[in-house]
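Below: one structure, written as structure tokens.
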Amino acid sequence: MRILVTGAAGHLGGKLVRHLAQTGHEVAGIDLVSRPGPQPVHRADLCRLDADLRRHFEGQDTVVHLAADRSPDAGWETVLPHNIDAVLNLFETARGAGVARVVFASSNWVLGGYRFRSGRLDADTPPDPVNPYGMSKLMGERIGAHYAANHGMTVVCTRIGWTQWTHDNLPGPHMAMGTWGQEMWLSDRDFLDGMTAAATAPVQGFAVVNLMSDNPGMRWSLDGTRHVLRFSPRDGAPARRTLRVRLTEAGARFTRRTLPDLLGRLSGRDW
């Protein structure tokens, strides 16, 4: 297949471009910076809807959209142009160029509000983003649903779990967000195979799937992932709840859930 990867100069994008090329696909990459090499990355700005952007989409079977401000601490000043406006431009450009499929890299942050709750988390769980980044990923999913329903495109949204720049992306108590973070661990192998499946599996219409490794005890359901993409993660690791992790989680729960509820009752904000 001919596959265009956005954000191809980034941490995950670079890995995916190499993997797709090694598995026999014709891969092109775009990013805000260019990069020479066997699979060169060409400079393109998704915030600008113009003919220069469209030429990168012509003739492509699938676009995998990884480009974004991926920081959970990002503010609206960067989230709006890079995570919402750019997504609108990407889908419109893909539609105009006749691209059949878009794989949208969504995020576990769409369900960030469920961290201190219980129950399984799947594509039908009502969204509860807790920051602009999570909200922008939810918006990207809904834009994708619109283009699938109204323009006949296939759109697969992968809610990507926790991947790390450090520690060779190995799981463990060093990971941020305690048990919640560890349960979302996504190995390099499962990321690459899962995204390849999202780009190539015989899928039609619109779908949202979780993309985590098969971590024992996690709340994230992989049933939809296996059914839609015909892909099963091969890696997995149980969360290691050391004393430091337990204390940090207790502090986070009090600060982010218990304390706001208590202040709401005392101040009358919940009346």
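Ordering of the structure tokens sets the chain letters (A, B, ...); residue numbers start at 1 within each chain; ligands are numbered from 1 in the order shown.
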Q. Which residues come within 7 Å of range 116-132 of chain A, counting only C-alpha atoms, excluding same-chain residues fewer than 4 positions away, as a PyMOL selection string?
A. chain A and resi 72+74-76+79+109-112+136+208-210+219-221+253
Let's have the selection written as an mmCIF file, in the first residue's frame, with C-alpha atoms.
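And here is the file that came out, part34.cif:
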data_model
loop_
_atom_site.group_PDB
_atom_site.id
_atom_site.type_symbol
_atom_site.label_atom_id
_atom_site.label_comp_id
_atom_site.auth_asym_id
_atom_site.auth_seq_id
_atom_site.Cartn_x
_atom_site.Cartn_y
_atom_site.Cartn_z
ATOM 1 C CA PRO A 72 -0.965 16.553 28.232
ATOM 2 C CA ALA A 74 -0.442 21.731 26.356
ATOM 3 C CA GLY A 75 -2.611 24.849 26.459
ATOM 4 C CA TRP A 76 -5.256 25.957 23.992
ATOM 5 C CA VAL A 79 -3.802 22.713 20.877
ATOM 6 C CA TRP A 109 -6.630 11.078 27.548
ATOM 7 C CA VAL A 110 -10.099 11.034 25.947
ATOM 8 C CA LEU A 111 -11.064 8.974 29.017
ATOM 9 C CA GLY A 112 -8.723 10.706 31.461
ATOM 10 C CA SER A 136 -8.655 17.916 21.059
ATOM 11 C CA VAL A 208 -12.467 3.622 17.653
ATOM 12 C CA VAL A 209 -10.155 1.067 19.273
ATOM 13 C CA ASN A 210 -7.852 0.925 22.287
ATOM 14 C CA ARG A 219 -9.252 -1.759 32.669
ATOM 15 C CA TRP A 220 -8.742 -1.019 28.978
ATOM 16 C CA SER A 221 -10.691 -3.489 26.846
ATOM 17 C CA ARG A 253 -6.560 10.912 44.239
#
Enumerate the residues of range 89-118 of chain A with a DSSP assignment of strand (DSSP E or B), computed from the backbone, and present them as a JSON list (two decimals) with N, CA and C atoms, in the first residue's frame.
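As a result, result-v9.json now contains:
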[["chain", "number", "residue", "atom", "x", "y", "z"],
["A", 101, "ARG", "N", -8.54, 5.96, 3.31],
["A", 101, "ARG", "CA", -8.53, 5.68, 4.73],
["A", 101, "ARG", "C", -7.63, 6.66, 5.49],
["A", 102, "VAL", "N", -8.10, 7.06, 6.66],
["A", 102, "VAL", "CA", -7.29, 7.85, 7.58],
["A", 102, "VAL", "C", -7.22, 7.11, 8.91],
["A", 103, "VAL", "N", -6.02, 6.91, 9.41],
["A", 103, "VAL", "CA", -5.81, 6.37, 10.76],
["A", 103, "VAL", "C", -5.46, 7.56, 11.65],
["A", 104, "PHE", "N", -6.32, 7.85, 12.60],
["A", 104, "PHE", "CA", -6.13, 9.00, 13.48],
["A", 104, "PHE", "C", -5.58, 8.54, 14.82],
["A", 105, "ALA", "N", -4.40, 9.02, 15.17],
["A", 105, "ALA", "CA", -3.79, 8.67, 16.46],
["A", 105, "ALA", "C", -4.49, 9.47, 17.54],
["A", 106, "SER", "N", -5.44, 8.83, 18.20],
["A", 106, "SER", "CA", -6.13, 9.44, 19.32],
["A", 106, "SER", "C", -5.35, 9.13, 20.59],
["A", 107, "SER", "N", -6.00, 9.22, 21.74],
["A", 107, "SER", "CA", -5.25, 9.11, 22.99],
["A", 107, "SER", "C", -6.12, 8.58, 24.12]]
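Nearest to Gly217 in chain A of all the residues A:Asp45, A:Glu141, A:Asp168, A:Glu183 is A:Glu183, counting only C-alpha atoms.
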Q: Find the residues around Thr154 in chain A up to 12 Å (only C-alpha atoms counted), leave out those fewer than 6 positions away in its own chain, and share them as a count of residues only.
A: 30
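Distance annotation: of A:Asn150, A:Asn89, A:Gln182, A:Thr196, the residue with the minimal separation from Asn215 in chain A is A:Gln182; atom set is only C-alpha atoms.
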